[in-house]
Structure formats: C-alpha cells, structure tokens
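final.txt follows; it contains compact mmCIF, N, CA and C atoms.
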# COMPACT_ATOMS: atom_id res chain seq x y z
N MET A 1 -8.64 6.48 0.94
CA MET A 1 -7.78 5.92 -0.08
C MET A 1 -7.78 6.85 -1.29
N ASN A 2 -6.61 7.01 -1.87
CA ASN A 2 -6.48 7.90 -3.01
C ASN A 2 -5.68 7.20 -4.10
N HIS A 3 -6.31 7.01 -5.25
CA HIS A 3 -5.68 6.38 -6.40
C HIS A 3 -6.10 7.18 -7.62
N GLN A 4 -5.11 7.84 -8.25
CA GLN A 4 -5.49 8.67 -9.39
C GLN A 4 -4.33 8.92 -10.33
N ASP A 5 -4.70 9.27 -11.57
CA ASP A 5 -3.73 9.73 -12.56
C ASP A 5 -3.44 11.20 -12.26
N ILE A 6 -2.18 11.59 -12.38
CA ILE A 6 -1.84 13.01 -12.22
C ILE A 6 -0.93 13.43 -13.37
N ASN A 7 -0.96 14.73 -13.68
CA ASN A 7 -0.16 15.22 -14.80
C ASN A 7 1.31 15.32 -14.41
N THR A 8 2.14 15.55 -15.39
CA THR A 8 3.59 15.53 -15.20
C THR A 8 4.06 16.59 -14.22
N SER A 9 3.52 17.79 -14.30
CA SER A 9 3.93 18.87 -13.39
C SER A 9 3.59 18.53 -11.95
N SER A 10 2.40 18.01 -11.72
CA SER A 10 1.99 17.62 -10.36
C SER A 10 2.84 16.47 -9.84
N PHE A 11 3.16 15.52 -10.72
CA PHE A 11 3.99 14.38 -10.35
C PHE A 11 5.37 14.87 -9.90
N ARG A 12 5.96 15.77 -10.68
CA ARG A 12 7.28 16.30 -10.32
C ARG A 12 7.20 17.07 -9.01
N GLN A 13 6.16 17.85 -8.82
CA GLN A 13 6.01 18.61 -7.59
C GLN A 13 5.92 17.67 -6.39
N MET A 14 5.20 16.57 -6.52
CA MET A 14 5.10 15.61 -5.43
C MET A 14 6.46 14.99 -5.13
N ILE A 15 7.25 14.73 -6.17
CA ILE A 15 8.58 14.18 -5.96
C ILE A 15 9.45 15.16 -5.17
N GLU A 16 9.33 16.43 -5.46
CA GLU A 16 10.17 17.44 -4.82
C GLU A 16 9.72 17.77 -3.40
N GLU A 17 8.44 17.60 -3.09
CA GLU A 17 7.92 18.09 -1.82
C GLU A 17 7.60 17.02 -0.78
N ASP A 18 7.26 15.84 -1.19
CA ASP A 18 6.71 14.88 -0.23
C ASP A 18 7.53 13.61 -0.12
N SER A 19 7.26 12.88 0.96
CA SER A 19 7.87 11.56 1.10
C SER A 19 7.02 10.57 0.31
N PHE A 20 7.69 9.65 -0.36
CA PHE A 20 7.00 8.76 -1.29
C PHE A 20 7.92 7.60 -1.62
N VAL A 21 7.36 6.60 -2.28
CA VAL A 21 8.14 5.53 -2.91
C VAL A 21 7.85 5.65 -4.40
N LEU A 22 8.90 5.76 -5.20
CA LEU A 22 8.79 5.94 -6.65
C LEU A 22 9.05 4.60 -7.33
N ILE A 23 8.07 4.11 -8.09
CA ILE A 23 8.18 2.81 -8.74
C ILE A 23 8.00 2.94 -10.24
N ASP A 24 8.96 2.37 -10.97
CA ASP A 24 8.92 2.28 -12.43
C ASP A 24 8.52 0.85 -12.77
N VAL A 25 7.38 0.67 -13.42
CA VAL A 25 6.87 -0.68 -13.69
C VAL A 25 7.25 -1.19 -15.08
N ARG A 26 8.17 -0.51 -15.76
CA ARG A 26 8.62 -0.96 -17.07
C ARG A 26 9.57 -2.16 -16.94
N THR A 27 9.95 -2.71 -18.08
CA THR A 27 10.90 -3.82 -18.08
C THR A 27 12.28 -3.32 -17.63
N HIS A 28 13.13 -4.24 -17.23
CA HIS A 28 14.48 -3.89 -16.82
C HIS A 28 15.23 -3.18 -17.95
N GLU A 29 15.03 -3.64 -19.17
CA GLU A 29 15.69 -3.03 -20.32
C GLU A 29 15.26 -1.58 -20.49
N GLU A 30 13.96 -1.32 -20.39
CA GLU A 30 13.46 0.06 -20.51
C GLU A 30 14.02 0.92 -19.37
N PHE A 31 14.00 0.37 -18.16
CA PHE A 31 14.50 1.08 -16.99
C PHE A 31 15.96 1.47 -17.19
N SER A 32 16.75 0.55 -17.74
CA SER A 32 18.19 0.78 -17.95
C SER A 32 18.45 1.90 -18.95
N GLU A 33 17.51 2.13 -19.85
CA GLU A 33 17.67 3.18 -20.86
C GLU A 33 17.45 4.58 -20.30
N GLY A 34 16.90 4.68 -19.12
CA GLY A 34 16.68 5.97 -18.48
C GLY A 34 15.46 5.92 -17.58
N HIS A 35 15.61 6.43 -16.36
CA HIS A 35 14.51 6.41 -15.40
C HIS A 35 14.59 7.64 -14.51
N ILE A 36 13.52 7.91 -13.81
CA ILE A 36 13.48 9.04 -12.89
C ILE A 36 14.33 8.68 -11.67
N ARG A 37 15.15 9.63 -11.26
CA ARG A 37 16.07 9.39 -10.14
C ARG A 37 15.33 8.88 -8.91
N GLY A 38 15.88 7.83 -8.31
CA GLY A 38 15.32 7.27 -7.09
C GLY A 38 14.28 6.19 -7.32
N ALA A 39 13.96 5.93 -8.59
CA ALA A 39 12.92 4.94 -8.89
C ALA A 39 13.40 3.52 -8.61
N ILE A 40 12.47 2.70 -8.14
CA ILE A 40 12.67 1.27 -7.97
C ILE A 40 12.01 0.60 -9.16
N ASN A 41 12.69 -0.36 -9.77
CA ASN A 41 12.13 -1.04 -10.94
C ASN A 41 11.45 -2.34 -10.51
N ILE A 42 10.13 -2.40 -10.70
CA ILE A 42 9.36 -3.62 -10.46
C ILE A 42 8.52 -3.83 -11.72
N ASP A 43 8.96 -4.74 -12.56
CA ASP A 43 8.37 -4.98 -13.87
C ASP A 43 6.98 -5.60 -13.75
N ILE A 44 5.97 -4.89 -14.24
CA ILE A 44 4.59 -5.38 -14.16
C ILE A 44 4.39 -6.65 -14.99
N TYR A 45 5.26 -6.90 -15.98
CA TYR A 45 5.13 -8.09 -16.81
C TYR A 45 5.67 -9.35 -16.14
N LYS A 46 6.43 -9.19 -15.06
CA LYS A 46 6.96 -10.37 -14.37
C LYS A 46 5.82 -11.10 -13.65
N THR A 47 5.88 -12.40 -13.66
CA THR A 47 4.83 -13.19 -13.01
C THR A 47 4.81 -12.97 -11.51
N THR A 48 5.89 -12.46 -10.94
CA THR A 48 5.97 -12.22 -9.50
C THR A 48 5.61 -10.79 -9.12
N PHE A 49 5.12 -9.99 -10.06
CA PHE A 49 4.85 -8.58 -9.77
C PHE A 49 3.94 -8.42 -8.54
N GLU A 50 2.84 -9.12 -8.52
CA GLU A 50 1.89 -8.97 -7.41
C GLU A 50 2.54 -9.33 -6.08
N GLU A 51 3.30 -10.40 -6.04
CA GLU A 51 4.00 -10.80 -4.81
C GLU A 51 5.04 -9.75 -4.43
N ASP A 52 5.80 -9.27 -5.42
CA ASP A 52 6.86 -8.29 -5.15
C ASP A 52 6.28 -6.99 -4.59
N ILE A 53 5.23 -6.49 -5.21
CA ILE A 53 4.65 -5.22 -4.79
C ILE A 53 3.95 -5.35 -3.44
N ASP A 54 3.40 -6.51 -3.17
CA ASP A 54 2.66 -6.74 -1.93
C ASP A 54 3.56 -6.70 -0.69
N GLU A 55 4.87 -6.76 -0.87
CA GLU A 55 5.81 -6.70 0.25
C GLU A 55 6.00 -5.28 0.78
N TYR A 56 5.57 -4.28 0.03
CA TYR A 56 5.77 -2.89 0.43
C TYR A 56 4.69 -2.44 1.42
N ASP A 57 5.03 -1.41 2.20
CA ASP A 57 4.13 -0.85 3.21
C ASP A 57 2.94 -0.17 2.51
N LYS A 58 1.76 -0.66 2.77
CA LYS A 58 0.55 -0.17 2.10
C LYS A 58 0.11 1.21 2.57
N ARG A 59 0.70 1.70 3.66
CA ARG A 59 0.31 3.01 4.19
C ARG A 59 1.12 4.16 3.60
N LYS A 60 2.21 3.84 2.91
CA LYS A 60 3.04 4.90 2.32
C LYS A 60 2.42 5.44 1.04
N ARG A 61 2.96 6.56 0.57
CA ARG A 61 2.52 7.18 -0.69
C ARG A 61 3.39 6.64 -1.81
N TYR A 62 2.75 6.23 -2.91
CA TYR A 62 3.45 5.66 -4.05
C TYR A 62 3.20 6.49 -5.30
N LEU A 63 4.28 6.79 -6.00
CA LEU A 63 4.22 7.43 -7.30
C LEU A 63 4.72 6.39 -8.29
N ILE A 64 3.91 6.08 -9.30
CA ILE A 64 4.29 5.03 -10.24
C ILE A 64 4.21 5.54 -11.67
N TYR A 65 5.03 4.94 -12.51
CA TYR A 65 5.02 5.34 -13.92
C TYR A 65 5.54 4.20 -14.79
N CYS A 66 5.29 4.34 -16.09
CA CYS A 66 5.80 3.41 -17.10
C CYS A 66 6.18 4.25 -18.32
N ARG A 67 6.11 3.69 -19.51
CA ARG A 67 6.46 4.43 -20.72
C ARG A 67 5.38 5.44 -21.07
N SER A 68 4.11 4.99 -21.13
CA SER A 68 3.04 5.86 -21.60
C SER A 68 1.90 6.06 -20.60
N GLY A 69 1.94 5.38 -19.48
CA GLY A 69 0.90 5.53 -18.46
C GLY A 69 -0.08 4.38 -18.38
N ASN A 70 -0.06 3.48 -19.36
CA ASN A 70 -1.03 2.38 -19.37
C ASN A 70 -0.68 1.26 -18.40
N ARG A 71 0.56 0.78 -18.44
CA ARG A 71 0.96 -0.29 -17.52
C ARG A 71 0.90 0.18 -16.07
N SER A 72 1.34 1.41 -15.85
CA SER A 72 1.32 1.92 -14.48
C SER A 72 -0.11 2.14 -13.99
N ARG A 73 -1.03 2.44 -14.89
CA ARG A 73 -2.44 2.54 -14.48
C ARG A 73 -2.94 1.16 -14.04
N GLN A 74 -2.56 0.13 -14.79
CA GLN A 74 -2.93 -1.24 -14.39
C GLN A 74 -2.33 -1.56 -13.02
N ALA A 75 -1.08 -1.17 -12.82
CA ALA A 75 -0.42 -1.41 -11.54
C ALA A 75 -1.12 -0.65 -10.42
N MET A 76 -1.56 0.58 -10.70
CA MET A 76 -2.26 1.38 -9.70
C MET A 76 -3.53 0.67 -9.24
N TYR A 77 -4.30 0.14 -10.18
CA TYR A 77 -5.54 -0.56 -9.81
C TYR A 77 -5.24 -1.85 -9.06
N LEU A 78 -4.19 -2.55 -9.46
CA LEU A 78 -3.80 -3.75 -8.75
C LEU A 78 -3.38 -3.41 -7.31
N MET A 79 -2.61 -2.35 -7.16
CA MET A 79 -2.18 -1.93 -5.83
C MET A 79 -3.38 -1.52 -4.98
N ARG A 80 -4.34 -0.86 -5.59
CA ARG A 80 -5.58 -0.51 -4.88
C ARG A 80 -6.26 -1.78 -4.37
N ASP A 81 -6.37 -2.77 -5.24
CA ASP A 81 -7.02 -4.03 -4.86
C ASP A 81 -6.26 -4.77 -3.77
N LEU A 82 -4.94 -4.55 -3.70
CA LEU A 82 -4.12 -5.18 -2.66
C LEU A 82 -4.15 -4.40 -1.34
N GLY A 83 -4.80 -3.23 -1.34
CA GLY A 83 -4.95 -2.47 -0.11
C GLY A 83 -4.02 -1.29 0.06
N PHE A 84 -3.30 -0.90 -0.99
CA PHE A 84 -2.44 0.28 -0.90
C PHE A 84 -3.33 1.51 -0.80
N GLU A 85 -3.00 2.40 0.14
CA GLU A 85 -3.87 3.53 0.45
C GLU A 85 -3.72 4.71 -0.51
N GLU A 86 -2.50 4.96 -0.99
CA GLU A 86 -2.27 6.17 -1.77
C GLU A 86 -1.31 5.88 -2.93
N VAL A 87 -1.84 5.86 -4.14
CA VAL A 87 -1.04 5.56 -5.33
C VAL A 87 -1.39 6.58 -6.42
N TYR A 88 -0.35 7.20 -6.97
CA TYR A 88 -0.52 8.19 -8.04
C TYR A 88 0.20 7.71 -9.29
N ASN A 89 -0.49 7.74 -10.40
CA ASN A 89 0.04 7.31 -11.68
C ASN A 89 0.39 8.51 -12.55
N LEU A 90 1.58 8.50 -13.13
CA LEU A 90 2.01 9.57 -14.03
C LEU A 90 1.31 9.43 -15.38
N GLU A 91 0.39 10.35 -15.66
CA GLU A 91 -0.31 10.36 -16.96
C GLU A 91 0.72 10.45 -18.09
N HIS A 92 0.56 9.63 -19.09
CA HIS A 92 1.41 9.63 -20.28
C HIS A 92 2.86 9.23 -19.99
N GLY A 93 3.12 8.74 -18.78
CA GLY A 93 4.38 8.12 -18.43
C GLY A 93 5.63 8.94 -18.65
N ILE A 94 6.73 8.20 -18.79
CA ILE A 94 8.03 8.85 -18.94
C ILE A 94 8.14 9.58 -20.28
N ILE A 95 7.28 9.23 -21.22
CA ILE A 95 7.24 9.98 -22.48
C ILE A 95 6.94 11.45 -22.17
N SER A 96 5.93 11.70 -21.36
CA SER A 96 5.57 13.07 -20.99
C SER A 96 6.67 13.71 -20.14
N TRP A 97 7.24 12.93 -19.23
CA TRP A 97 8.34 13.43 -18.38
C TRP A 97 9.48 13.94 -19.27
N ASN A 98 9.85 13.14 -20.27
CA ASN A 98 10.93 13.53 -21.18
C ASN A 98 10.54 14.73 -22.05
N GLU A 99 9.28 14.81 -22.47
CA GLU A 99 8.83 15.96 -23.26
C GLU A 99 8.95 17.26 -22.47
N HIS A 100 8.79 17.17 -21.15
CA HIS A 100 8.95 18.34 -20.30
C HIS A 100 10.43 18.62 -19.99
N LYS A 101 11.30 17.74 -20.50
CA LYS A 101 12.74 17.85 -20.29
C LYS A 101 13.12 17.78 -18.81
N PHE A 102 12.35 17.01 -18.04
CA PHE A 102 12.70 16.77 -16.65
C PHE A 102 13.82 15.72 -16.61
N PRO A 103 14.63 15.73 -15.55
CA PRO A 103 15.83 14.87 -15.54
C PRO A 103 15.54 13.37 -15.40
N VAL A 104 16.40 12.60 -16.06
CA VAL A 104 16.41 11.14 -15.92
C VAL A 104 17.86 10.72 -15.71
N GLU A 105 18.02 9.50 -15.23
CA GLU A 105 19.39 8.98 -15.09
C GLU A 105 19.47 7.60 -15.66
Go ahead and express the file in the form of structure tokens.
Amino acid sequence: MNHQDINTSSFRQMIEEDSFVLIDVRTHEEFSEGHIRGAINIDIYKTTFEEDIDEYDKRKRYLIYCRSGNRSRQAMYLMRDLGFEEVYNLEHGIISWNEHKFPVE
C-alpha cells in the first residue's frame, strides 16, 4: 500500500504518464472556479463523502487534491482506512499547481 504526499512536479508527471483516477475533494463551488483536467469532484465536506468514495475500485491509483493540501490529506488517510491501495496527495494543492502555471479548466 502506498499513501503519500507528492510535490507538484511529481503529481503532474504521474498525470502525464500513468493510469489513475484524479479526484478533487474541494466544494462544488471551488471546483467550478477551476480544476485539473479530468478531475472528478467529490466534496470531502459532504456527509456522504465516505460512502461516495467507497464505491470506487480500491486497487486503482488515485491522485487527489484540494485548495492547499489539507483536506486532500484527510481524504488520503480516510481512503487508506477504507482499504485503497495507492493514493497520492498533491502537496499544497491547486494553489501550488497554479503557481507552477500548470493548466486548469
């Protein structure tokens, strides 16, 4: 099992090279303001977050992020506890992604 924070460059490299599921755990409003292409929005603040995330295949690789990295770190630990095998959290979140001028939609 692999659950860890990774820097923005490594996160982008994983997006470009590997198969993964990309999850944005911010609110719908934040997601609507700009997100990484291909991201699925599952709001960690929703009371159904645990149920919603538990429906996904635990054997796949997950890349997760939020605004600053804190909510997605919480989500990473929750996913670990639910049995997800491989989850990577974007350190410093989409703030860092934007500082690197990587694309959003």
### 8 Å contact set for Glu85 in chain A, all atoms listed in the file, chain neighbours under 5 positions out, as a PyMOL selection string
chain A and resi 1-3+57-62+79-80
Within 5 Å of file point (7.5, 2.6, -15.8), counting only N, CA and C atoms, expressed as a PDB file with N, CA and C atoms, in the frame of the given file:
ATOM      1  N   ASP A  24       8.960   2.370 -10.970  1.00  0.00           N
ATOM      2  CA  ASP A  24       8.920   2.280 -12.430  1.00  0.00           C
ATOM      3  C   ASP A  24       8.520   0.850 -12.770  1.00  0.00           C
ATOM      4  N   VAL A  25       7.380   0.670 -13.420  1.00  0.00           N
ATOM      5  CA  VAL A  25       6.870  -0.680 -13.690  1.00  0.00           C
ATOM      6  C   VAL A  25       7.250  -1.190 -15.080  1.00  0.00           C
ATOM      7  N   ARG A  26       8.170  -0.510 -15.760  1.00  0.00           N
ATOM      8  CA  ARG A  26       8.620  -0.960 -17.070  1.00  0.00           C
ATOM      9  C   ARG A  26       9.570  -2.160 -16.940  1.00  0.00           C
ATOM     10  N   TYR A  65       5.030   4.940 -12.510  1.00  0.00           N
ATOM     11  CA  TYR A  65       5.020   5.340 -13.920  1.00  0.00           C
ATOM     12  C   TYR A  65       5.540   4.200 -14.790  1.00  0.00           C
ATOM     13  N   CYS A  66       5.290   4.340 -16.090  1.00  0.00           N
ATOM     14  CA  CYS A  66       5.800   3.410 -17.100  1.00  0.00           C
ATOM     15  C   CYS A  66       6.180   4.250 -18.320  1.00  0.00           C
ATOM     16  N   ARG A  67       6.110   3.690 -19.510  1.00  0.00           N
ATOM     17  CA  ARG A  67       6.460   4.430 -20.720  1.00  0.00           C
ATOM     18  C   ARG A  67       5.380   5.440 -21.070  1.00  0.00           C
TER      19      ARG A  67
END
## Note on the structure
note - CA of Glu30 in chain A and atom C of Val104 in chain A are separated by 12.5 Å
### Query
Looking only at the backbone, which of the residues in chain A does DSSP tag as strand (DSSP E or B), as a count of residues only?
21
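One distance worth recording is that between atom N of Tyr56 in chain A and atom N of Thr8 in chain A, which is 25.4 Å.
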### Message
Given the point (2.9, -5.2, -9.4) in the coordinates of this file, which residues lie within 10 Å, counting only C-alpha atoms, and how would they look as number ranges by chain?
### Response
A: 23, 25, 42-54, 71-72, 74-79, 82
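Candidate residues A:Gly38, A:Leu63, A:Phe84, A:Glu29 were compared for distance to Phe11 in chain A, and the nearest is A:Leu63, using only C-alpha atoms.
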### Task
Check the DSSP output for the backbone and give back, as an MDAnalysis selection string, the residues of chain A in alpha helix (DSSP H).
chainID A and resid 8:17 28:32 49:54 70:81 93:99
### Task
Quick one: pull the distance between CA of Ile15 in chain A and atom N of Pro103 in chain A, Å, one decimal.
11.4 Å
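For the set A:Ile95, A:Ile40, A:Leu90, A:Leu22, the residue with the smallest atom-to-atom gap to Ser10 in chain A is A:Leu90, counting only C-alpha atoms.
Each of A:Asn41, A:Thr27, A:Gln4, A:Ile64 was compared to Gly93 in chain A using only C-alpha atoms, and A:Ile64 turns out to be the nearest.
The nearest approach to His92 in chain A among the residues A:Ser68, A:Ser9, A:Glu33, A:Arg73, with all atoms listed in the file taken into account, belongs to A:Ser68.
Distances here use only N, CA and C atoms; by that measure, the residue among A:Ile36, A:Met14, A:Ile6, A:Val21 closest to Asn89 in chain A is A:Ile6.
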